[in-house]
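Shown below: data-v5.tsv, with TSV, C-alpha atoms.
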```tsv
chain	number	residue	atom	x	y	z
A	1	MET	CA	-10.23	8.15	5.62
A	2	ASP	CA	-9.94	5.49	8.36
A	3	HIS	CA	-8.85	6.46	11.86
A	4	ALA	CA	-5.18	5.82	12.55
A	5	VAL	CA	-4.37	2.75	14.64
A	6	PHE	CA	-1.17	3.26	16.64
A	7	GLY	CA	0.93	0.69	18.47
A	8	ALA	CA	4.36	0.53	20.07
A	9	VAL	CA	5.99	-2.72	21.23
A	10	GLU	CA	9.44	-3.51	22.61
A	11	ILE	CA	10.62	-7.10	23.01
A	12	SER	CA	13.80	-8.09	24.82
A	13	SER	CA	15.07	-11.42	26.10
A	14	SER	CA	15.52	-11.59	29.88
A	15	SER	CA	15.69	-13.98	32.80
A	16	THR	CA	11.99	-14.74	32.30
A	17	LEU	CA	11.89	-14.59	28.46
A	18	SER	CA	14.39	-16.67	26.51
A	19	PRO	CA	15.96	-15.33	23.29
A	20	ARG	CA	13.92	-17.91	21.33
A	21	GLN	CA	10.64	-16.81	22.96
A	22	ALA	CA	11.48	-13.14	22.38
A	23	PHE	CA	12.32	-13.85	18.77
A	24	GLU	CA	9.09	-15.77	18.15
A	25	GLN	CA	7.13	-12.79	19.46
A	26	TRP	CA	9.11	-10.51	17.17
A	27	GLU	CA	8.38	-12.71	14.14
A	28	ALA	CA	4.64	-12.47	14.86
A	29	LEU	CA	4.88	-8.68	15.15
A	30	MET	CA	6.72	-8.32	11.84
A	31	SER	CA	4.25	-10.56	10.04
A	32	ASP	CA	1.43	-8.27	11.18
A	33	ALA	CA	3.19	-4.94	10.53
A	34	VAL	CA	4.72	-5.84	7.15
A	35	ALA	CA	3.74	-9.24	5.68
A	36	PRO	CA	3.78	-12.89	6.79
A	37	THR	CA	7.48	-13.73	6.88
A	38	ALA	CA	9.80	-16.36	8.38
A	39	ILE	CA	12.49	-14.64	10.47
A	40	GLU	CA	15.60	-16.03	12.14
A	41	PRO	CA	18.31	-14.36	14.24
A	42	LEU	CA	21.77	-13.98	12.73
A	43	ARG	CA	23.52	-14.27	16.07
A	44	THR	CA	23.00	-16.20	19.28
A	45	GLY	CA	22.33	-14.79	22.72
A	46	HIS	CA	20.32	-11.76	23.77
A	47	TRP	CA	17.52	-10.66	21.42
A	48	HIS	CA	16.04	-7.19	21.26
A	49	GLY	CA	13.54	-5.58	18.94
A	50	GLN	CA	11.38	-2.44	18.98
A	51	VAL	CA	8.64	-1.37	16.58
A	52	VAL	CA	6.30	1.62	16.48
A	53	SER	CA	3.59	1.20	13.88
A	54	THR	CA	0.69	3.27	12.55
A	55	GLN	CA	-1.99	1.88	10.21
A	56	PHE	CA	-4.43	4.03	8.23
A	57	ASP	CA	-6.45	3.71	5.01
A	58	GLY	CA	-4.69	0.49	4.02
A	59	PHE	CA	-1.22	1.88	4.78
A	60	SER	CA	1.17	0.79	7.51
A	61	VAL	CA	4.14	2.95	8.53
A	62	SER	CA	6.55	1.32	11.00
A	63	ARG	CA	9.78	2.43	12.63
A	64	MET	CA	11.74	-0.61	13.74
A	65	GLN	CA	15.11	-1.52	15.17
A	66	ALA	CA	16.28	-5.00	16.08
A	67	SER	CA	19.14	-7.42	16.52
A	68	ALA	CA	20.63	-8.81	13.29
A	69	GLN	CA	18.09	-10.97	11.47
A	70	ARG	CA	17.23	-12.77	8.25
A	71	ALA	CA	13.68	-12.53	6.86
A	72	THR	CA	12.39	-14.85	4.15
A	73	ARG	CA	9.08	-14.60	2.32
A	74	THR	CA	8.54	-17.79	0.35
A	75	SER	CA	6.27	-18.54	-2.61
A	76	ARG	CA	4.02	-20.52	-0.28
A	77	MET	CA	3.68	-17.55	2.08
A	78	VAL	CA	2.89	-15.28	-0.86
A	79	ALA	CA	0.16	-17.66	-2.06
A	80	ARG	CA	-1.45	-17.75	1.40
A	81	THR	CA	-1.44	-13.98	1.92
A	82	THR	CA	-4.52	-11.85	1.22
A	83	GLY	CA	-3.87	-8.35	-0.11
A	84	GLU	CA	-0.88	-7.20	-2.13
A	85	PHE	CA	1.36	-4.34	-1.13
A	86	LEU	CA	4.25	-2.17	-2.18
A	87	LEU	CA	6.89	-2.49	0.55
A	88	VAL	CA	9.21	0.48	0.99
A	89	ASN	CA	12.39	0.32	3.09
A	90	ILE	CA	13.96	3.60	4.25
A	91	VAL	CA	17.14	2.77	6.19
A	92	LEU	CA	18.21	5.23	8.89
A	93	LYS	CA	21.05	3.27	10.51
A	94	GLY	CA	22.94	0.13	9.51
A	95	THR	CA	22.55	-1.85	6.29
A	96	ASN	CA	19.82	-4.01	4.79
A	97	TRP	CA	20.36	-6.45	1.93
A	98	THR	CA	17.18	-7.67	0.25
A	99	GLU	CA	17.02	-9.97	-2.78
A	100	GLN	CA	13.95	-10.17	-5.01
A	101	GLY	CA	13.59	-11.29	-8.60
A	102	GLY	CA	17.31	-11.93	-9.06
A	103	ARG	CA	18.38	-8.46	-7.86
A	104	THR	CA	19.74	-7.45	-4.46
A	105	ALA	CA	19.22	-3.98	-3.01
A	106	GLU	CA	21.88	-2.88	-0.53
A	107	THR	CA	20.00	-0.19	1.36
A	108	THR	CA	22.06	2.11	3.58
A	109	PRO	CA	21.28	5.42	5.35
A	110	GLY	CA	20.19	7.97	2.76
A	111	THR	CA	18.72	5.40	0.34
A	112	VAL	CA	15.31	3.83	-0.24
A	113	ALA	CA	14.27	0.55	-1.87
A	114	PHE	CA	10.92	-0.81	-3.12
A	115	PHE	CA	9.66	-4.40	-3.05
A	116	ASP	CA	6.56	-6.29	-4.22
A	117	SER	CA	4.83	-8.33	-1.50
A	118	GLY	CA	3.44	-10.56	-4.25
A	119	LEU	CA	6.91	-11.96	-4.99
A	120	PRO	CA	9.27	-14.01	-2.80
A	121	LEU	CA	12.15	-12.17	-1.14
A	122	GLU	CA	14.99	-12.70	1.32
A	123	SER	CA	16.39	-9.94	3.55
A	124	ARG	CA	19.30	-9.58	5.99
A	125	THR	CA	20.19	-6.72	8.34
A	126	THR	CA	23.15	-5.65	10.41
A	127	ASP	CA	22.83	-5.55	14.18
A	128	ASN	CA	20.52	-2.78	15.45
A	129	CYS	CA	19.62	-1.70	11.91
A	130	LEU	CA	17.04	1.11	12.14
A	131	SER	CA	14.47	1.48	9.36
A	132	THR	CA	11.17	3.03	8.45
A	133	LEU	CA	9.09	0.46	6.59
A	134	VAL	CA	6.02	1.51	4.62
A	135	ARG	CA	3.39	-0.97	3.44
A	136	ALA	CA	1.17	0.63	0.79
A	137	PRO	CA	-1.83	-0.92	-1.03
A	138	MET	CA	-0.37	-2.03	-4.35
A	139	GLN	CA	-3.36	-1.32	-6.59
A	140	MET	CA	-3.93	2.12	-5.11
A	141	VAL	CA	-0.32	3.15	-5.68
A	142	LEU	CA	-0.25	1.75	-9.23
A	143	GLU	CA	-3.40	3.64	-10.14
A	144	HIS	CA	-2.01	6.90	-8.78
A	145	SER	CA	1.36	6.50	-10.49
A	146	GLY	CA	0.18	5.16	-13.85
A	147	LEU	CA	2.87	2.45	-13.61
A	148	THR	CA	2.24	-1.21	-14.29
A	149	ARG	CA	3.56	-3.81	-11.89
A	150	ALA	CA	6.31	-4.80	-14.32
A	151	GLN	CA	7.60	-1.20	-14.28
A	152	LEU	CA	8.13	-1.04	-10.52
A	153	PRO	CA	11.79	-0.28	-9.61
A	154	THR	CA	11.96	-3.24	-7.21
A	155	ALA	CA	15.11	-4.43	-5.38
A	156	THR	CA	17.11	-1.35	-6.37
A	157	ALA	CA	18.50	1.04	-3.76
A	158	VAL	CA	17.87	4.65	-4.83
A	159	PRO	CA	19.44	7.76	-3.22
A	160	ALA	CA	16.72	9.57	-1.26
A	161	THR	CA	17.80	13.03	-2.36
A	162	GLY	CA	16.04	16.04	-3.86
A	163	ALA	CA	12.31	15.61	-4.42
A	164	LEU	CA	12.48	11.91	-3.54
A	165	GLY	CA	14.02	12.85	-0.20
A	166	VAL	CA	11.04	15.11	0.52
A	167	VAL	CA	8.62	12.21	-0.02
A	168	THR	CA	10.60	9.66	2.00
A	169	GLY	CA	11.09	12.31	4.68
A	170	PHE	CA	7.32	12.56	5.10
A	171	PHE	CA	6.97	8.86	5.91
A	172	ARG	CA	10.12	8.82	8.04
A	173	ASN	CA	8.93	11.79	10.09
A	174	LEU	CA	5.42	10.35	10.39
A	175	ALA	CA	6.87	7.22	12.00
A	176	GLU	CA	8.71	9.36	14.57
A	177	LEU	CA	5.72	11.40	15.77
A	178	PRO	CA	4.06	10.80	19.17
A	179	ALA	CA	0.71	8.99	19.06
A	180	ASP	CA	-1.42	12.14	19.42
A	181	ASP	CA	0.47	13.97	16.70
A	182	ILE	CA	0.29	10.95	14.38
A	183	ALA	CA	-3.50	10.93	14.64
A	184	ARG	CA	-3.65	14.62	13.67
A	185	ALA	CA	-1.11	14.17	10.85
A	186	VAL	CA	-3.01	11.23	9.36
A	187	THR	CA	-6.26	13.21	9.49
A	188	VAL	CA	-4.67	16.07	7.55
A	189	PHE	CA	-2.22	14.28	5.23
A	190	GLY	CA	-3.34	10.64	5.11
A	191	SER	CA	-5.47	11.00	1.99
A	192	ASP	CA	-2.35	12.18	0.13
A	193	ALA	CA	-0.26	9.13	1.10
A	194	ALA	CA	-0.97	7.18	-2.10
A	195	GLY	CA	-0.16	10.20	-4.25
A	196	MET	CA	3.11	10.80	-2.39
A	197	MET	CA	4.12	7.15	-2.71
A	198	ALA	CA	3.26	7.25	-6.41
A	199	SER	CA	5.48	10.33	-6.76
A	200	ALA	CA	8.32	8.45	-5.06
A	201	LEU	CA	7.99	5.62	-7.56
A	202	LEU	CA	7.97	7.97	-10.56
A	203	LEU	CA	11.00	9.85	-9.24
A	204	SER	CA	12.80	6.54	-8.70
A	205	THR	CA	12.15	5.45	-12.29
A	206	GLY	CA	13.24	8.84	-13.65
A	207	GLU	CA	9.81	9.57	-15.11
A	208	SER	CA	8.88	13.22	-14.77
A	209	ALA	CA	7.85	14.58	-18.17
A	210	PRO	CA	5.07	13.99	-20.71
A	211	ALA	CA	5.85	11.34	-23.30
A	212	PRO	CA	4.13	9.54	-26.20
A	213	THR	CA	0.51	8.36	-26.24
A	214	ASP	CA	0.74	5.07	-24.31
A	215	SER	CA	3.23	6.46	-21.78
A	216	LEU	CA	3.11	6.97	-18.04
A	217	TYR	CA	1.90	10.51	-18.58
A	218	THR	CA	-1.12	9.38	-20.58
A	219	ARG	CA	-2.01	6.70	-18.04
A	220	GLN	CA	-1.82	9.29	-15.29
A	221	GLN	CA	-4.06	11.58	-17.32
A	222	VAL	CA	-6.66	8.81	-17.78
A	223	LEU	CA	-6.60	7.82	-14.12
A	224	ALA	CA	-6.82	11.44	-12.99
A	225	PHE	CA	-9.89	11.99	-15.21
A	226	ILE	CA	-11.57	8.87	-13.78
A	227	ARG	CA	-10.84	9.94	-10.18
A	228	LYS	CA	-12.33	13.36	-10.91
A	229	ASN	CA	-15.47	12.13	-12.68
A	230	PHE	CA	-16.32	8.68	-11.31
A	231	THR	CA	-19.33	10.03	-9.34
A	232	ASN	CA	-21.07	10.83	-12.62
A	233	PRO	CA	-23.36	7.80	-13.19
A	234	ASP	CA	-23.45	8.52	-16.93
A	235	LEU	CA	-19.65	8.36	-17.37
A	236	THR	CA	-18.80	6.14	-20.36
A	237	VAL	CA	-15.63	4.70	-21.85
A	238	ASP	CA	-16.13	6.88	-24.93
A	239	GLU	CA	-16.31	10.00	-22.75
A	240	ILE	CA	-13.06	9.06	-21.03
A	241	ALA	CA	-11.34	8.54	-24.38
A	242	HIS	CA	-12.69	11.81	-25.77
A	243	ALA	CA	-11.68	13.82	-22.70
A	244	CYS	CA	-8.14	12.42	-22.84
A	245	LEU	CA	-7.88	12.91	-26.63
A	246	LEU	CA	-7.51	9.18	-27.26
A	247	SER	CA	-9.19	6.70	-29.55
A	248	ARG	CA	-11.18	3.98	-27.83
A	249	ARG	CA	-8.61	1.41	-28.95
A	250	THR	CA	-5.70	3.44	-27.58
A	251	LEU	CA	-7.51	3.94	-24.28
A	252	TYR	CA	-7.76	0.17	-23.81
A	253	ARG	CA	-4.07	-0.20	-24.64
A	254	VAL	CA	-3.14	2.54	-22.16
A	255	CYS	CA	-5.09	0.73	-19.44
A	256	GLU	CA	-3.35	-2.62	-19.97
A	257	GLY	CA	-2.05	-3.93	-16.66
A	258	PHE	CA	-4.88	-2.30	-14.71
A	259	GLY	CA	-7.98	-3.78	-16.32
A	260	GLU	CA	-10.46	-2.37	-18.80
A	261	PRO	CA	-11.48	1.31	-18.40
A	262	GLY	CA	-14.95	0.33	-17.19
A	263	ALA	CA	-13.41	-1.87	-14.51
A	264	LEU	CA	-11.24	1.02	-13.36
A	265	VAL	CA	-14.30	3.22	-12.96
A	266	ARG	CA	-16.11	0.50	-11.01
A	267	ARG	CA	-13.11	-0.12	-8.74
A	268	THR	CA	-12.81	3.59	-8.01
A	269	ARG	CA	-16.51	3.83	-7.19
A	270	ILE	CA	-16.36	0.85	-4.82
A	271	ALA	CA	-13.29	2.23	-3.03
A	272	HIS	CA	-15.21	5.48	-2.51
A	273	ALA	CA	-18.28	3.62	-1.29
A	274	ARG	CA	-16.21	1.73	1.28
A	275	ARG	CA	-14.78	5.00	2.57
A	276	LEU	CA	-18.29	6.46	2.89
A	277	ILE	CA	-19.57	3.43	4.81
A	278	ARG	CA	-16.56	3.51	7.15
A	279	ALA	CA	-17.01	7.22	7.76
A	280	ASP	CA	-20.75	6.89	8.57
A	281	PRO	CA	-22.08	3.33	9.05
A	282	THR	CA	-25.57	4.74	9.66
A	283	ARG	CA	-25.79	6.31	6.20
A	284	SER	CA	-28.31	4.58	3.94
A	285	LEU	CA	-26.78	2.27	1.32
A	286	ALA	CA	-28.96	3.91	-1.35
A	287	SER	CA	-27.33	7.25	-0.49
A	288	VAL	CA	-23.87	5.65	-0.61
A	289	ALA	CA	-24.64	4.16	-4.03
A	290	ALA	CA	-25.77	7.49	-5.45
A	291	ALA	CA	-22.81	9.39	-3.98
A	292	SER	CA	-20.42	6.83	-5.48
A	293	GLY	CA	-21.71	7.19	-9.02
A	294	PHE	CA	-24.03	4.16	-9.36
A	295	SER	CA	-27.22	4.74	-11.32
A	296	THR	CA	-29.16	2.01	-9.49
A	297	ASP	CA	-28.92	0.15	-6.19
A	298	ARG	CA	-28.85	-3.12	-8.11
A	299	HIS	CA	-25.71	-2.10	-10.01
A	300	PHE	CA	-24.13	-0.98	-6.74
A	301	TYR	CA	-24.80	-4.25	-4.93
A	302	ARG	CA	-23.56	-6.39	-7.82
A	303	ALA	CA	-20.38	-4.34	-8.31
A	304	PHE	CA	-19.66	-4.25	-4.57
A	305	ARG	CA	-19.91	-8.03	-4.29
A	306	GLU	CA	-17.72	-8.56	-7.37
A	307	GLU	CA	-15.00	-6.27	-6.00
A	308	THR	CA	-15.04	-7.27	-2.31
A	309	GLY	CA	-16.76	-10.65	-2.07
A	310	LEU	CA	-19.32	-9.05	0.28
A	311	THR	CA	-22.59	-7.19	-0.10
A	312	PRO	CA	-22.53	-3.58	1.16
A	313	GLY	CA	-24.62	-4.67	4.14
A	314	GLN	CA	-22.21	-7.47	5.03
A	315	PHE	CA	-19.29	-5.04	4.77
A	316	ARG	CA	-21.05	-2.64	7.14
A	317	ASP	CA	-21.85	-5.48	9.56
A	318	GLN	CA	-18.16	-6.45	9.66
A	319	LEU	CA	-17.28	-2.89	10.65
A	320	GLY	CA	-19.83	-3.08	13.45
A	321	ARG	CA	-18.20	-6.27	14.74
A	322	GLY	CA	-14.79	-4.61	14.68
A	323	GLY	CA	-13.50	-6.23	11.48
A	324	GLY	CA	-10.15	-4.46	11.10
A	325	ASN	CA	-9.55	-5.53	7.50
A	326	ALA	CA	-12.98	-4.59	6.15
```
As structure tokens, the full file:
Amino acid sequence: MDHAVFGAVEISSSSTLSPRQAFEQWEALMSDAVAPTAIEPLRTGHWHGQVVSTQFDGFSVSRMQASAQRATRTSRMVARTTGEFLLVNIVLKGTNWTEQGGRTAETTPGTVAFFDSGLPLESRTTDNCLSTLVRAPMQMVLEHSGLTRAQLPTATAVPATGALGVVTGFFRNLAELPADDIARAVTVFGSDAAGMMASALLLSTGESAPAPTDSLYTRQQVLAFIRKNFTNPDLTVDEIAHACLLSRRTLYRVCEGFGEPGALVRRTRIAHARRLIRADPTRSLASVAAASGFSTDRHFYRAFREETGLTPGQFRDQLGRGGGNA
């Protein structure tokens, strides 16, 4: 688990800061907290915006309120952006209209909507609209939920009631905590964030019960087995299939949209290795490799480079230089 990074910024036009200058600062803030986006005001005159943001373990949770605005994320911006995220909008006051993939979600207080940062979108808000925005690592959430990207309930406003309300309430309340309390909350609950977001997705799609072989339930079962056993260096595809009562052929079909089963195991091991290196940069890389389920250092180094583009040593060096995205 990474340490939480907390920030609070308020921008307001004044006699020394023109509305255009204030707005340009706001656009830069939003691009950092959510995703690179072109933003324009929907009214002239005074501009005001406020954002409180916490980042941890690949997640960003931001509480923001601003003058009426339009945000556009174009295909060109998508192509230039590194990292893909699930964007979650929980509106507390006002109205947000966001179009993506030919659908428009009208998100009002008491509703939640999901969006894919890997697709273009256009969003508009009413004046002083107040929202909690969550940016979650896409692959992590997909693996926890068992959903494929095509199954995401994007650009659809869903009532945040019942069990879904409990999940959205967690992120909404997290965004409202003071800095010291946020740090403690992230330490205790942060590792569960991906699971909670996955639950929100499943509740939004209406999936809650076991179903046939190549269903969400079976994918969840496979992913859960991998997460529980990835540290075993002798784990094989056949063992995964046998443990989940699947044929080898069915296992590959179940994993469509995520990659082959072996690739899932490798990705899970590398994610664990990165967490270990972040937690203790002085730990030997041989120890990290063994604790992450790699039978040899050579396999570890090759897999790490294939997944991250860096060797384990280069990754550790980036952390030492303060590389925030390592």
Find the residues near Gln21 in chain A: any atom within 12 Å, counting only C-alpha atoms, skip ones fewer than 2 places away on the same chain, and give them as number ranges by chain. A: 11-19, 23-28, 40-41, 45-48
List the spatial neighbours of range 52-55 of chain A as a list in words - criterion: any atom at most 8 Å away, only C-alpha atoms, same-chain residues fewer than 2 positions off excluded. Ala4, Val5, Phe6, Gly7, Ala8, Val9, Ala33, Gln50, Asp57, Gly58, Phe59, Ser60, Val61, Ser62, Arg63, Met64, Ala175 and Ile182 of chain A
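Closest approach to Arg305 in chain A among A:Arg278, A:Arg124, A:Lys93, A:Arg267: A:Arg267, based on only C-alpha atoms.
Candidate residues A:Asn128, A:Thr104, A:Ala136, A:Glu122 were compared for distance to Leu87 in chain A, and the nearest is A:Ala136, using all atoms listed in the file.
Taking CA of Met138 in chain A as the reference point, CA of Leu29 in chain A is found at 21.3 Å.
Considering the residues A:Arg172, A:Arg76, A:Arg227, A:Arg266 and counting only C-alpha atoms, Glu143 in chain A has its shortest atom-to-atom contact with A:Arg227.
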Given the point (-31.7, -3.5, -4.8) in the coordinates of this file, which residues lie within 12 Å, counting only C-alpha atoms, and how would they look as a ChimeraX atom specification? /A:285-286,289,294-303,311-313
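Atom to atom, CA of Phe171 in chain A and CA of Val78 in chain A stand 25.4 Å apart.
Interatomic distance, CA of Leu130 in chain A against CA of Gln100 in chain A: 20.8 Å.
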Could you list, as a short mmCIF file (atom, residue, chain, number, x, y, z; two decimals) with C-alpha atoms, keeping the file's coordinate frame, every residue within 7 Å of range 155-169 of chain A, counting only C-alpha atoms and ignoring same-chain residues fewer than 5 positions away?
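Result file out_3.cif:
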```
data_model
loop_
_atom_site.label_atom_id
_atom_site.label_comp_id
_atom_site.auth_asym_id
_atom_site.auth_seq_id
_atom_site.Cartn_x
_atom_site.Cartn_y
_atom_site.Cartn_z
CA THR A 98 17.18 -7.67 0.25
CA GLU A 99 17.02 -9.97 -2.78
CA GLN A 100 13.95 -10.17 -5.01
CA ARG A 103 18.38 -8.46 -7.86
CA THR A 104 19.74 -7.45 -4.46
CA ALA A 105 19.22 -3.98 -3.01
CA GLU A 106 21.88 -2.88 -0.53
CA THR A 107 20.00 -0.19 1.36
CA GLY A 110 20.19 7.97 2.76
CA THR A 111 18.72 5.40 0.34
CA VAL A 112 15.31 3.83 -0.24
CA ALA A 113 14.27 0.55 -1.87
CA PHE A 114 10.92 -0.81 -3.12
CA PHE A 115 9.66 -4.40 -3.05
CA MET A 196 3.11 10.80 -2.39
CA ALA A 200 8.32 8.45 -5.06
CA LEU A 203 11.00 9.85 -9.24
CA SER A 204 12.80 6.54 -8.70
#
```
Would you pick out the contacts of Asp238 in chain A at 10 Å or less, using all atoms listed in the file, so that residues sharing its chain but fewer than 4 positions from it are not included, and give the list as a compact mmCIF listing (two decimals) with C-alpha atoms, keeping the file's coordinate frame?
```txt
# COMPACT_ATOMS: atom_id res chain seq x y z
CA HIS A 242 -12.69 11.81 -25.77
CA ALA A 243 -11.68 13.82 -22.70
CA CYS A 244 -8.14 12.42 -22.84
CA LEU A 246 -7.51 9.18 -27.26
CA SER A 247 -9.19 6.70 -29.55
CA ARG A 248 -11.18 3.98 -27.83
CA LEU A 251 -7.51 3.94 -24.28
CA PRO A 261 -11.48 1.31 -18.40
```
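Look at Met140 in chain A: the protein and nucleic acid residues within 10 Å of it, using only C-alpha atoms and passing over chain neighbours fewer than 5 places away, are A:Gly58, A:Phe85, A:Leu86, A:Ser145, A:Ala194, A:Gly195, A:Met197, A:Ala198, A:Thr268, A:Ala271.
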Take the selection from the previous step and output its residues with C-alpha atoms, as an mmCIF file, in the coordinates of the input.
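Saved the output as out_4.cif:
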```
data_model
loop_
_atom_site.group_PDB
_atom_site.id
_atom_site.type_symbol
_atom_site.label_atom_id
_atom_site.label_comp_id
_atom_site.auth_asym_id
_atom_site.auth_seq_id
_atom_site.Cartn_x
_atom_site.Cartn_y
_atom_site.Cartn_z
ATOM 1 C CA GLY A 58 -4.690 0.490 4.020
ATOM 2 C CA PHE A 85 1.360 -4.340 -1.130
ATOM 3 C CA LEU A 86 4.250 -2.170 -2.180
ATOM 4 C CA SER A 145 1.360 6.500 -10.490
ATOM 5 C CA ALA A 194 -0.970 7.180 -2.100
ATOM 6 C CA GLY A 195 -0.160 10.200 -4.250
ATOM 7 C CA MET A 197 4.120 7.150 -2.710
ATOM 8 C CA ALA A 198 3.260 7.250 -6.410
ATOM 9 C CA THR A 268 -12.810 3.590 -8.010
ATOM 10 C CA ALA A 271 -13.290 2.230 -3.030
#
```
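Proximity of A:Gly94, A:Val288, A:Leu235, A:Leu121 to Pro109 in chain A, computed with all atoms listed in the file, is greatest for A:Gly94.
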